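> Below is the file start.csv, which contains CSV, C-alpha atoms.
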chain,number,residue,atom,x,y,z
A,6,MET,CA,17.9,3.7,-11.3
A,7,ALA,CA,18.2,5.7,-8.1
A,8,GLU,CA,18.0,5.4,-4.4
A,9,ILE,CA,15.6,8.1,-3.1
A,10,HIS,CA,16.1,9.1,0.5
A,11,LEU,CA,13.5,11.4,2.2
A,12,LYS,CA,15.5,12.8,5.1
A,13,SER,CA,13.7,14.5,8.0
A,14,LEU,CA,11.1,15.5,5.4
A,15,ALA,CA,7.9,17.4,6.3
A,16,HIS,CA,5.6,19.6,4.4
A,17,SER,CA,2.8,22.1,5.2
A,18,TYR,CA,0.7,24.2,2.9
A,19,SER,CA,0.4,26.7,5.7
A,20,LYS,CA,3.0,29.4,6.3
A,21,ASP,CA,2.3,29.4,10.0
A,22,ALA,CA,2.4,25.7,10.7
A,23,SER,CA,2.9,25.1,14.4
A,24,LYS,CA,1.3,21.7,15.3
A,25,PRO,CA,1.4,18.3,13.7
A,26,SER,CA,-2.2,18.7,12.3
A,27,ASP,CA,-0.9,21.6,10.2
A,28,TYR,CA,1.3,19.3,8.2
A,29,ALA,CA,0.2,17.4,5.1
A,30,ILE,CA,3.4,15.4,5.5
A,31,ARG,CA,4.6,14.8,9.0
A,32,GLU,CA,8.3,14.5,9.6
A,33,MET,CA,9.6,11.2,8.2
A,34,ASP,CA,12.8,9.5,7.3
A,35,HIS,CA,12.4,7.0,4.5
A,36,VAL,CA,14.4,5.3,1.8
A,37,TRP,CA,13.3,3.8,-1.5
A,38,GLU,CA,16.2,1.6,-2.6
A,39,HIS,CA,17.7,1.2,-6.0
A,40,GLY,CA,15.6,-0.7,-8.6
A,41,GLY,CA,12.7,-1.6,-6.3
A,42,ALA,CA,9.0,-1.9,-7.2
A,43,TYR,CA,7.1,0.0,-4.5
A,44,ALA,CA,3.6,1.1,-3.8
A,45,LEU,CA,2.5,4.1,-1.7
A,46,LEU,CA,-0.9,3.1,-0.4
A,47,GLY,CA,-3.4,5.1,1.6
A,48,PRO,CA,-6.8,6.8,1.6
A,49,SER,CA,-7.6,10.0,-0.2
A,50,GLY,CA,-6.1,13.0,1.7
A,51,CYS,CA,-3.4,11.1,3.5
A,52,GLY,CA,-0.6,12.9,1.7
A,53,LYS,CA,0.4,10.3,-1.1
A,54,SER,CA,0.3,12.7,-4.0
A,55,THR,CA,2.0,15.5,-2.0
A,56,LEU,CA,4.9,13.1,-1.2
A,57,LEU,CA,5.1,12.0,-4.8
A,58,ASN,CA,5.2,15.6,-6.1
A,59,ILE,CA,8.0,16.5,-3.6
A,60,MET,CA,10.0,13.6,-4.9
A,61,SER,CA,9.5,14.7,-8.5
A,62,GLY,CA,10.2,18.4,-7.8
A,63,LEU,CA,6.8,19.7,-8.5
A,64,LEU,CA,6.7,20.8,-4.8
A,65,SER,CA,9.4,22.0,-2.5
A,66,PRO,CA,9.3,20.5,1.1
A,67,SER,CA,8.8,22.9,4.0
A,68,ASN,CA,11.5,20.9,5.9
A,69,GLY,CA,14.1,18.3,5.3
A,70,LYS,CA,15.9,17.0,2.2
A,71,VAL,CA,15.2,14.8,-0.8
A,72,LEU,CA,18.4,12.9,-1.7
A,73,PHE,CA,19.0,11.0,-5.0
A,74,ASP,CA,21.9,8.6,-4.5
A,75,GLY,CA,23.0,10.7,-1.6
A,76,VAL,CA,22.9,14.1,-3.5
A,77,GLU,CA,20.4,16.7,-2.3
A,78,VAL,CA,18.0,17.7,-5.1
A,79,ASN,CA,15.7,20.1,-3.2
A,80,HIS,CA,16.6,23.0,-5.6
A,81,ILE,CA,16.9,21.0,-8.8
A,82,PRO,CA,13.9,21.5,-11.1
A,83,PRO,CA,11.8,18.5,-12.2
A,84,GLU,CA,13.2,18.4,-15.7
A,85,ASP,CA,16.7,17.9,-14.4
A,86,ARG,CA,16.0,15.1,-11.8
A,87,ASN,CA,15.8,12.3,-14.4
A,88,ILE,CA,12.4,11.4,-12.9
A,89,ALA,CA,9.4,10.4,-15.0
A,90,GLN,CA,5.9,10.9,-13.6
A,91,VAL,CA,2.8,9.3,-14.9
A,92,PHE,CA,-0.4,10.9,-13.8
A,93,GLN,CA,-4.0,9.7,-13.1
A,94,PHE,CA,-5.1,11.3,-16.4
A,95,PRO,CA,-2.9,10.6,-19.5
A,96,VAL,CA,-0.6,13.5,-20.4
A,97,ILE,CA,-0.1,13.2,-24.2
A,98,TYR,CA,-0.4,15.4,-27.3
A,99,ASP,CA,-3.6,14.5,-29.0
A,100,SER,CA,-2.5,16.2,-32.3
A,101,MET,CA,0.6,14.0,-32.6
A,102,THR,CA,0.8,10.3,-33.6
A,103,VAL,CA,1.6,7.7,-31.0
A,104,PHE,CA,5.2,7.5,-32.4
A,105,ASP,CA,5.7,11.2,-32.1
A,106,ASN,CA,4.3,11.2,-28.6
A,107,LEU,CA,6.8,8.5,-27.6
A,108,ALA,CA,9.6,10.2,-29.4
A,109,PHE,CA,9.0,13.7,-28.0
A,110,PRO,CA,11.1,13.4,-24.7
A,111,LEU,CA,14.0,12.0,-26.8
A,112,ARG,CA,13.8,14.7,-29.5
A,113,ASN,CA,13.6,17.3,-26.8
A,114,MET,CA,17.0,16.1,-25.6
A,115,LYS,CA,18.4,16.3,-29.1
A,116,THR,CA,18.8,12.5,-29.3
A,117,PRO,CA,20.0,11.3,-32.7
A,118,GLU,CA,17.0,10.2,-34.9
A,119,VAL,CA,18.5,6.7,-35.3
A,120,GLN,CA,18.4,6.2,-31.5
A,121,VAL,CA,14.9,7.7,-31.4
A,122,GLN,CA,13.6,5.2,-33.9
A,123,HIS,CA,15.2,2.2,-32.1
A,124,ARG,CA,14.1,3.3,-28.6
A,125,VAL,CA,10.5,4.1,-29.6
A,126,HIS,CA,10.0,0.8,-31.3
A,127,GLU,CA,11.5,-1.0,-28.3
A,128,ILE,CA,9.1,0.6,-25.9
A,129,ALA,CA,6.2,0.3,-28.3
A,130,GLU,CA,6.8,-3.4,-28.5
A,131,VAL,CA,6.9,-3.8,-24.7
A,132,LEU,CA,3.6,-1.9,-24.3
A,133,GLU,CA,1.9,-3.5,-27.3
A,134,LEU,CA,1.6,-0.2,-29.0
A,135,THR,CA,3.4,-1.1,-32.3
A,136,PRO,CA,0.2,-1.4,-34.4
A,137,LEU,CA,-0.8,2.1,-33.2
A,138,LEU,CA,2.4,4.0,-33.9
A,139,LYS,CA,1.0,5.8,-36.9
A,140,ARG,CA,-2.4,6.6,-35.3
A,141,ARG,CA,-3.2,10.0,-33.9
A,142,ALA,CA,-3.4,10.1,-30.1
A,143,SER,CA,-6.9,11.7,-30.3
A,144,ASN,CA,-8.2,8.5,-31.7
A,145,LEU,CA,-7.1,6.2,-28.9
A,146,THR,CA,-9.1,4.6,-26.1
A,147,ALA,CA,-8.4,5.7,-22.5
A,148,ASP,CA,-6.2,2.6,-21.7
A,149,GLU,CA,-4.3,3.1,-25.0
A,150,LYS,CA,-3.6,6.8,-24.0
A,151,GLN,CA,-2.4,5.7,-20.6
A,152,LYS,CA,0.0,3.2,-22.1
A,153,VAL,CA,1.4,6.0,-24.3
A,154,SER,CA,1.7,8.2,-21.2
A,155,MET,CA,3.6,5.3,-19.5
A,156,GLY,CA,5.8,4.9,-22.6
A,157,ARG,CA,6.8,8.6,-22.5
A,158,GLY,CA,8.1,7.9,-19.0
A,159,LEU,CA,10.0,4.8,-20.1
A,160,VAL,CA,11.5,5.9,-23.4
A,161,ARG,CA,14.4,7.9,-21.9
A,162,SER,CA,17.1,5.4,-21.0
A,163,ASP,CA,18.6,7.9,-18.4
A,164,VAL,CA,15.4,7.9,-16.3
A,165,SER,CA,16.4,6.8,-12.8
A,166,ALA,CA,12.9,6.4,-11.3
A,167,ILE,CA,9.3,6.5,-12.5
A,168,LEU,CA,6.5,7.8,-10.2
A,169,PHE,CA,3.0,6.6,-11.0
A,170,ASP,CA,0.2,8.7,-9.5
A,171,GLU,CA,-3.0,6.5,-9.5
A,172,PRO,CA,-2.4,5.7,-13.2
A,173,LEU,CA,-5.2,3.2,-13.6
A,174,THR,CA,-8.1,5.2,-12.2
A,175,VAL,CA,-9.6,5.9,-15.6
A,176,ILE,CA,-9.0,2.4,-17.0
A,177,ASP,CA,-11.8,-0.1,-17.5
A,178,PRO,CA,-11.6,-2.7,-14.6
A,179,GLN,CA,-11.1,-5.6,-17.0
A,180,LEU,CA,-8.0,-3.9,-18.4
A,181,LYS,CA,-6.4,-3.0,-15.1
A,182,TRP,CA,-5.2,-6.6,-14.5
A,183,LYS,CA,-3.5,-6.6,-17.9
A,184,LEU,CA,-1.8,-3.2,-17.4
A,185,ARG,CA,-0.6,-4.1,-13.8
A,186,ARG,CA,0.9,-7.2,-15.2
A,187,LYS,CA,2.6,-5.2,-18.0
A,188,LEU,CA,4.0,-2.8,-15.4
A,189,LYS,CA,5.6,-5.7,-13.5
A,190,GLN,CA,7.1,-7.0,-16.8
A,191,ILE,CA,8.5,-3.6,-17.5
A,192,HIS,CA,10.1,-3.4,-14.1
A,193,GLU,CA,11.7,-6.8,-14.4
A,194,GLN,CA,13.0,-5.9,-17.9
A,195,PHE,CA,14.3,-2.4,-17.2
A,196,ASN,CA,15.1,-2.6,-13.5
A,197,ILE,CA,14.0,1.0,-12.8
A,198,THR,CA,13.0,2.3,-9.4
A,199,MET,CA,9.2,2.5,-9.5
A,200,ILE,CA,6.9,4.0,-7.0
A,201,TYR,CA,3.2,3.5,-7.6
A,202,VAL,CA,0.6,5.6,-5.7
A,203,THR,CA,-2.8,4.1,-5.2
A,204,HIS,CA,-5.7,3.9,-2.7
A,205,ASP,CA,-6.4,0.3,-3.9
A,206,GLN,CA,-4.8,-2.4,-1.8
A,207,LEU,CA,-5.2,-5.0,-4.6
A,208,GLU,CA,-3.3,-2.7,-7.1
A,209,ALA,CA,-0.6,-2.2,-4.5
A,210,SER,CA,-0.2,-5.9,-3.6
A,211,THR,CA,-0.2,-7.1,-7.2
A,212,PHE,CA,2.4,-4.6,-8.3
A,213,ALA,CA,4.8,-4.0,-5.4
A,214,GLU,CA,7.5,-5.9,-3.7
A,215,LYS,CA,7.1,-3.6,-0.7
A,216,ILE,CA,4.3,-1.3,0.2
A,217,ALA,CA,4.5,2.0,2.2
A,218,VAL,CA,1.1,2.5,4.0
A,219,MET,CA,0.3,6.2,4.6
A,220,TYR,CA,-2.1,7.5,7.2
A,221,ASP,CA,-2.5,11.1,8.3
A,222,GLY,CA,0.7,12.3,6.6
A,223,GLN,CA,2.9,9.5,7.9
A,224,ILE,CA,4.2,6.3,6.6
A,225,VAL,CA,3.0,4.0,9.4
A,226,GLN,CA,4.4,0.7,8.0
A,227,PHE,CA,6.7,-0.3,5.2
A,228,GLY,CA,6.8,-4.0,4.3
A,229,SER,CA,5.8,-6.8,1.9
A,230,PRO,CA,2.1,-7.5,1.3
A,231,ARG,CA,2.3,-10.5,3.6
A,232,GLU,CA,3.9,-8.6,6.4
A,233,LEU,CA,1.2,-5.9,6.2
A,234,PHE,CA,-1.5,-8.6,6.4
A,235,GLU,CA,0.0,-10.8,9.1
A,236,ARG,CA,1.7,-8.3,11.3
A,237,PRO,CA,0.1,-4.8,11.0
A,238,ASN,CA,2.3,-2.4,12.8
A,239,HIS,CA,-0.5,0.2,13.2
A,240,ALA,CA,-4.2,-0.2,13.7
A,241,PHE,CA,-4.9,1.6,10.5
A,242,VAL,CA,-2.9,-0.9,8.5
A,243,GLY,CA,-5.0,-3.7,10.1
A,244,TYR,CA,-8.2,-1.9,9.2
A,245,PHE,CA,-7.2,-0.8,5.7
A,246,ILE,CA,-5.5,-4.0,4.5
A,247,GLY,CA,-7.8,-7.0,4.0
A,248,SER,CA,-11.5,-7.4,3.1
A,249,PRO,CA,-13.0,-7.2,5.6
A,250,GLY,CA,-10.3,-5.5,7.7
A,251,MET,CA,-9.0,-6.5,11.1
A,252,ASN,CA,-11.4,-6.8,14.1
A,253,PHE,CA,-10.5,-4.4,16.9
A,254,ILE,CA,-11.8,-4.4,20.4
A,255,GLU,CA,-11.1,-1.7,23.0
A,256,VAL,CA,-10.0,-3.4,26.2
A,257,GLN,CA,-8.7,-2.7,29.8
A,258,ARG,CA,-5.8,-4.3,31.6
A,259,SER,CA,-6.5,-7.4,33.8
A,260,ALA,CA,-4.5,-9.8,35.9
A,261,ASN,CA,-3.7,-12.2,33.1
A,262,GLY,CA,-4.1,-10.0,30.1
A,263,VAL,CA,-6.9,-7.7,29.0
A,264,GLN,CA,-10.7,-7.7,29.2
A,265,PHE,CA,-13.8,-6.1,27.8
A,266,GLY,CA,-17.0,-6.3,29.9
A,267,ASN,CA,-16.8,-9.7,31.6
A,268,THR,CA,-14.8,-11.3,28.7
A,269,GLN,CA,-11.2,-12.1,29.6
A,270,VAL,CA,-8.5,-12.3,26.9
A,271,ASN,CA,-5.4,-14.0,28.2
A,272,LEU,CA,-2.0,-12.8,27.0
A,273,GLU,CA,1.5,-14.2,27.4
A,274,PRO,CA,2.9,-13.3,30.8
A,275,GLU,CA,5.9,-11.4,29.3
A,276,LEU,CA,3.4,-9.3,27.2
A,277,VAL,CA,1.3,-8.6,30.3
A,278,GLU,CA,4.4,-7.4,32.1
A,279,LEU,CA,5.4,-5.2,29.1
A,280,LEU,CA,1.9,-3.7,29.0
A,281,SER,CA,2.1,-2.9,32.7
A,282,LYS,CA,5.0,-0.5,32.0
A,283,ILE,CA,3.1,1.5,29.4
A,284,PRO,CA,1.1,4.3,30.9
A,285,SER,CA,-1.5,4.8,28.1
A,286,ASN,CA,-5.0,3.4,28.5
A,287,ASN,CA,-5.7,3.5,24.8
A,288,ILE,CA,-5.5,-0.3,24.4
A,289,LYS,CA,-7.0,-2.5,21.7
A,290,VAL,CA,-6.7,-6.1,20.7
A,291,GLY,CA,-6.9,-7.0,17.0
A,292,ILE,CA,-7.4,-10.2,15.0
A,293,ARG,CA,-8.2,-10.8,11.4
A,294,PRO,CA,-11.4,-12.5,10.4
A,295,GLU,CA,-9.4,-15.2,8.6
A,296,PHE,CA,-7.5,-16.1,11.8
A,297,ILE,CA,-10.4,-16.5,14.3
A,298,GLN,CA,-10.9,-20.2,15.1
A,299,VAL,CA,-14.5,-21.4,14.7
A,300,TRP,CA,-15.4,-24.5,16.7
A,301,ASP,CA,-18.1,-27.1,15.7
A,302,GLU,CA,-19.3,-27.4,19.3
A,303,PRO,CA,-18.9,-25.7,22.7
A,304,ASN,CA,-15.3,-25.7,23.9
A,305,HIS,CA,-13.9,-24.9,27.4
A,306,ASP,CA,-11.5,-22.3,25.9
A,307,ALA,CA,-14.0,-20.8,23.4
A,308,TYR,CA,-16.1,-17.7,23.6
A,309,CYS,CA,-19.8,-18.0,22.9
A,310,CYS,CA,-21.1,-15.5,20.4
A,311,ASP,CA,-24.4,-14.6,18.9
A,312,LEU,CA,-24.7,-15.1,15.1
A,313,VAL,CA,-26.1,-11.8,13.6
A,314,HIS,CA,-25.7,-12.2,9.9
A,315,VAL,CA,-24.2,-14.5,7.2
A,316,ALA,CA,-22.8,-13.1,3.9
A,317,ASP,CA,-22.3,-15.9,1.4
A,318,LEU,CA,-19.5,-14.8,-1.0
A,319,GLY,CA,-19.3,-18.0,-3.0
A,320,THR,CA,-15.8,-19.4,-2.1
A,321,TYR,CA,-16.2,-18.3,1.6
A,322,LYS,CA,-18.7,-16.8,4.0
A,323,ILE,CA,-18.4,-13.8,6.4
A,324,LEU,CA,-20.2,-14.3,9.7
A,325,ASP,CA,-21.2,-11.2,11.7
A,326,LEU,CA,-21.0,-12.1,15.4
A,327,LYS,CA,-21.6,-10.3,18.7
A,328,LEU,CA,-19.4,-11.1,21.7
A,329,ASN,CA,-20.3,-9.3,24.9
A,330,GLY,CA,-21.7,-6.4,22.9
A,331,GLN,CA,-18.7,-6.3,20.5
A,332,GLU,CA,-19.1,-6.9,16.8
A,333,LEU,CA,-16.8,-9.3,15.1
A,334,LYS,CA,-16.4,-10.5,11.5
A,335,VAL,CA,-15.2,-14.1,11.0
A,336,ARG,CA,-14.3,-15.8,7.7
A,337,LEU,CA,-15.7,-19.3,7.2
A,338,GLU,CA,-14.5,-21.4,4.3
A,339,GLU,CA,-17.1,-22.7,1.9
A,340,ASP,CA,-16.8,-26.4,3.1
A,341,ARG,CA,-17.7,-25.5,6.7
A,342,GLN,CA,-21.2,-25.7,8.0
A,343,VAL,CA,-22.6,-22.4,9.3
A,344,PRO,CA,-23.5,-22.7,13.0
A,345,LYS,CA,-27.1,-21.9,14.0
A,346,GLY,CA,-27.8,-19.3,16.7
A,347,LYS,CA,-24.6,-19.6,18.8
A,348,VAL,CA,-21.0,-19.6,17.5
A,349,TYR,CA,-18.0,-20.8,19.5
A,350,ILE,CA,-14.8,-19.1,18.6
A,351,SER,CA,-11.3,-18.6,20.0
A,352,PHE,CA,-8.3,-16.3,19.2
A,353,PRO,CA,-5.2,-18.2,18.3
A,354,GLU,CA,-2.3,-16.6,20.3
A,355,GLN,CA,0.0,-16.2,17.3
A,356,TRP,CA,-2.6,-14.1,15.4
A,357,LEU,CA,-4.0,-12.0,18.3
A,358,LYS,CA,-2.3,-8.6,18.3
A,359,LEU,CA,-2.1,-5.9,21.0
A,360,TYR,CA,-2.1,-2.2,20.2
A,361,VAL,CA,-1.5,0.8,22.4
A,362,ASP,CA,-2.0,4.3,21.0
A,363,GLU,CA,-2.8,2.6,17.7
A,364,PHE,CA,0.7,1.0,17.4
A,365,LEU,CA,1.5,-2.7,17.7
A,366,VAL,CA,3.0,-3.8,21.0
A,367,GLU,CA,5.0,-7.1,20.8
A,368,LEU,CA,7.8,-8.9,22.6
A,369,PRO,CA,11.4,-8.7,21.4
A,370,GLU,CA,12.4,-11.6,19.2
A,371,GLU,CA,14.4,-13.4,21.9
A,372,PHE,CA,11.1,-13.7,24.0
A,373,GLU,CA,9.2,-14.9,21.0
A,374,GLY,CA,11.9,-17.6,20.5
A,375,GLU,CA,11.6,-18.7,24.1
A,376,SER,CA,7.8,-18.9,23.9
A,377,ALA,CA,8.0,-21.0,20.7
What is this structure when it is put down as structure tokens?


Amino acid sequence: MAEIHLKSLAHSYSKDASKPSDYAIREMDHVWEHGGAYALLGPSGCGKSTLLNIMSGLLSPSNGKVLFDGVEVNHIPPEDRNIAQVFQFPVIYDSMTVFDNLAFPLRNMKTPEVQVQHRVHEIAEVLELTPLLKRRASNLTADEKQKVSMGRGLVRSDVSAILFDEPLTVIDPQLKWKLRRKLKQIHEQFNITMIYVTHDQLEASTFAEKIAVMYDGQIVQFGSPRELFERPNHAFVGYFIGSPGMNFIEVQRSANGVQFGNTQVNLEPELVELLSKIPSNNIKVGIRPEFIQVWDEPNHDAYCCDLVHVADLGTYKILDLKLNGQELKVRLEEDRQVPKGKVYISFPEQWLKLYVDEFLVELPEEFEGESA
């Protein structure tokens, strides 16, 4: 396994890159630690595959270094990096048997046949491919081919990291759960550094210990699924993680916090003071639908909203509300009665987040401790 350090890394497909928008990967410094199970999550076009191809050596970065265990590998070709890459579409030899496909990387390294036999059978058992070892790859289903492709990445015992580039895209939805669980088992068994690229937050959350969220060529947050959900560091993370995503309201400064229209949102005094020192007027508040408090009756501290629509999703309902012209989504558990006409809500202080220029603004931990 390897630690992969992307040091001052940036990449542009343009030879005359001069501004940030010219870069597919904007300058970053990021470390994937030994033996971790990571996800690289983001929408199409954000730079995920470009970053993966730089790590594997299929692309050379325009700027910066790729370090494996502290050693620069920028000029080392892919085949010498001890990295396995599993692509969206299975890369296997249809004319070979499953056994020969799995054995190919080992035989290419002149591994003794006794070791080849042992290792292939070990990986086949892990991936539940043993009954298929004598079958030609051309006769396999899409998910079986992808398991063979994964096996080719795992079969070399010297592999220090495996990079997965949206490996379950072509797999039937009912089989995705099984394969994701299998990948987690493989990680636990072999303790290999794994980086899993996907645009699907569910795939990322069920596979990874930590998720790097990419947006516009940058990793805007790196953390556990819970951290990304409860404390989004960037407005995009709040929007992208969760279903539905975070509610955002553009606001202006006011004496005791912020406001939109004639609706006042109070903030902690220390946060108001911190905000007063920031020159930008690109200010938003955000709160997740799950964290908005819905009251059964009018409340002195509650905002009065108009109920626009109710989506009944079985185990919970999503209410579409309007508050002073702003649209909000609120999650209501199945055992709660849906209010008629008017809905009274409040924003619990611990879950209301403040964003300036899209990034989270929060008090240092010592202030949070005092407030608690």

> Using all atoms listed in the file, pick whichever of A:Ser154, A:Thr146, A:Ser210, A:Asn68 has the shortest atom-to-atom distance to Lys12 (chain A).

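Going through A:Ser154, A:Thr146, A:Ser210, A:Asn68 one by one, the smallest distance to Lys12 (chain A) is for A:Asn68.
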
> Which residue gives the smallest distance to Ser259 (chain A) among A:Gly346, A:Glu278, A:Tyr28, A:Tyr244, with all atoms listed in the file counted?

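So, comparing all the options, the nearest one is A:Glu278.
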
> Let me make sure I understand: among A:Lys189, A:Lys20, A:Lys282, A:Ile88, which one has the smallest atom-to-atom distance to Leu168 (chain A) if we use only C-alpha atoms?

A:Ile88

> Between CA of Leu57 (chain A) and CA of Val91 (chain A), what is the distance, to one decimal in Å?

10.7 Å

> Which is closer to Ile254 (chain A) than all the others in A:Thr174, A:Ser61, A:Gln331, A:Gln206, using only C-alpha atoms?

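Result for the nearest residue to Ile254 (chain A): A:Gln331.
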
> Set the distance at 8 Å and use all atoms listed in the file: which residues neighbour region 139-142 of chain A once local chain neighbours fewer than 3 positions away are removed? I'd like the list as a PyMOL selection string.

chain A and resi 97-104+106+136+145+150

> With distances taken over all atoms listed in the file, which residue among A:Gln257, A:Gln151, A:Ser67, A:Asn196 lies nearest Leu180 (chain A)?

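Nearest candidate to Leu180 (chain A) out of A:Gln257, A:Gln151, A:Ser67, A:Asn196: A:Gln151.
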
> Can you work out which one of A:Lys347, A:His35, A:Lys358, A:His10 has the shortest atom-to-atom distance to Ala240 (chain A), counting only C-alpha atoms?

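Going through A:Lys347, A:His35, A:Lys358, A:His10 one by one, the smallest distance to Ala240 (chain A) is for A:Lys358.
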
> Quote the spacing between CA of Thr320 (chain A) and CA of His204 (chain A) in Å to one decimal place.

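If I compute the distance from CA of Thr320 (chain A) to CA of His204 (chain A), I get 25.4 Å.
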
> Excluding same-chain residues fewer than 2 positions from Glu214 (chain A), what lies within 12 Å of it counting only C-alpha atoms, as a PDB file with C-alpha atoms, keeping the file's coordinate frame?


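And here is the file that came out, around32.pdb:
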ATOM      1  CA  TRP A  37      13.300   3.800  -1.500  1.00  0.00           C
ATOM      2  CA  GLU A  38      16.200   1.600  -2.600  1.00  0.00           C
ATOM      3  CA  GLY A  40      15.600  -0.700  -8.600  1.00  0.00           C
ATOM      4  CA  GLY A  41      12.700  -1.600  -6.300  1.00  0.00           C
ATOM      5  CA  ALA A  42       9.000  -1.900  -7.200  1.00  0.00           C
ATOM      6  CA  TYR A  43       7.100   0.000  -4.500  1.00  0.00           C
ATOM      7  CA  ALA A  44       3.600   1.100  -3.800  1.00  0.00           C
ATOM      8  CA  LEU A  45       2.500   4.100  -1.700  1.00  0.00           C
ATOM      9  CA  LYS A 189       5.600  -5.700 -13.500  1.00  0.00           C
ATOM     10  CA  HIS A 192      10.100  -3.400 -14.100  1.00  0.00           C
ATOM     11  CA  GLU A 193      11.700  -6.800 -14.400  1.00  0.00           C
ATOM     12  CA  THR A 198      13.000   2.300  -9.400  1.00  0.00           C
ATOM     13  CA  MET A 199       9.200   2.500  -9.500  1.00  0.00           C
ATOM     14  CA  ILE A 200       6.900   4.000  -7.000  1.00  0.00           C
ATOM     15  CA  TYR A 201       3.200   3.500  -7.600  1.00  0.00           C
ATOM     16  CA  GLU A 208      -3.300  -2.700  -7.100  1.00  0.00           C
ATOM     17  CA  ALA A 209      -0.600  -2.200  -4.500  1.00  0.00           C
ATOM     18  CA  SER A 210      -0.200  -5.900  -3.600  1.00  0.00           C
ATOM     19  CA  THR A 211      -0.200  -7.100  -7.200  1.00  0.00           C
ATOM     20  CA  PHE A 212       2.400  -4.600  -8.300  1.00  0.00           C
ATOM     21  CA  ILE A 216       4.300  -1.300   0.200  1.00  0.00           C
ATOM     22  CA  ALA A 217       4.500   2.000   2.200  1.00  0.00           C
ATOM     23  CA  PHE A 227       6.700  -0.300   5.200  1.00  0.00           C
ATOM     24  CA  GLY A 228       6.800  -4.000   4.300  1.00  0.00           C
ATOM     25  CA  SER A 229       5.800  -6.800   1.900  1.00  0.00           C
ATOM     26  CA  PRO A 230       2.100  -7.500   1.300  1.00  0.00           C
ATOM     27  CA  ARG A 231       2.300 -10.500   3.600  1.00  0.00           C
ATOM     28  CA  GLU A 232       3.900  -8.600   6.400  1.00  0.00           C
ATOM     29  CA  LEU A 233       1.200  -5.900   6.200  1.00  0.00           C
TER      30      LEU A 233
END

> Would you list the contacts of Val366 (chain A) as a list in words, taking every protein, DNA or RNA residue within 10 Å and counting all atoms listed in the file, but skipping same-chain residues closer than 6 positions in sequence?

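Close residues of Val366 (chain A): Asn238, His239, Leu276, Leu279, Leu280, Ile283, Ile288, Val290, Lys358, Leu359 and Tyr360 of chain A.
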
> I'd like the interatomic distance between CA of Leu107 (chain A) and CA of Leu207 (chain A), to a tenth of an Å.

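CA of Leu207 (chain A) lies 29.2 Å from CA of Leu107 (chain A).
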
> Give me, as a PyMOL selection string, all polymer residues having an atom no more than 9 Å from region 306-309 of chain A, counting only C-alpha atoms and skipping those fewer than 2 positions away in the same chain.

chain A and resi 268+298-300+303-304+311+327-329+347-352

> Store the residues picked out above, limited to C-alpha atoms, as a compact mmCIF listing (two decimals), in the coordinates of the input.


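Generated file (again-v7.txt):
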# COMPACT_ATOMS: atom_id res chain seq x y z
CA THR A 268 -14.80 -11.30 28.70
CA GLN A 298 -10.90 -20.20 15.10
CA VAL A 299 -14.50 -21.40 14.70
CA TRP A 300 -15.40 -24.50 16.70
CA PRO A 303 -18.90 -25.70 22.70
CA ASN A 304 -15.30 -25.70 23.90
CA ASP A 311 -24.40 -14.60 18.90
CA LYS A 327 -21.60 -10.30 18.70
CA LEU A 328 -19.40 -11.10 21.70
CA ASN A 329 -20.30 -9.30 24.90
CA LYS A 347 -24.60 -19.60 18.80
CA VAL A 348 -21.00 -19.60 17.50
CA TYR A 349 -18.00 -20.80 19.50
CA ILE A 350 -14.80 -19.10 18.60
CA SER A 351 -11.30 -18.60 20.00
CA PHE A 352 -8.30 -16.30 19.20

> Counting all atoms listed in the file, what is within 10 Å of Ile128 (chain A), bar same-chain residues fewer than 5 positions away, as number ranges by chain?

A: 107, 123, 133-135, 153, 155-157, 159-161, 191
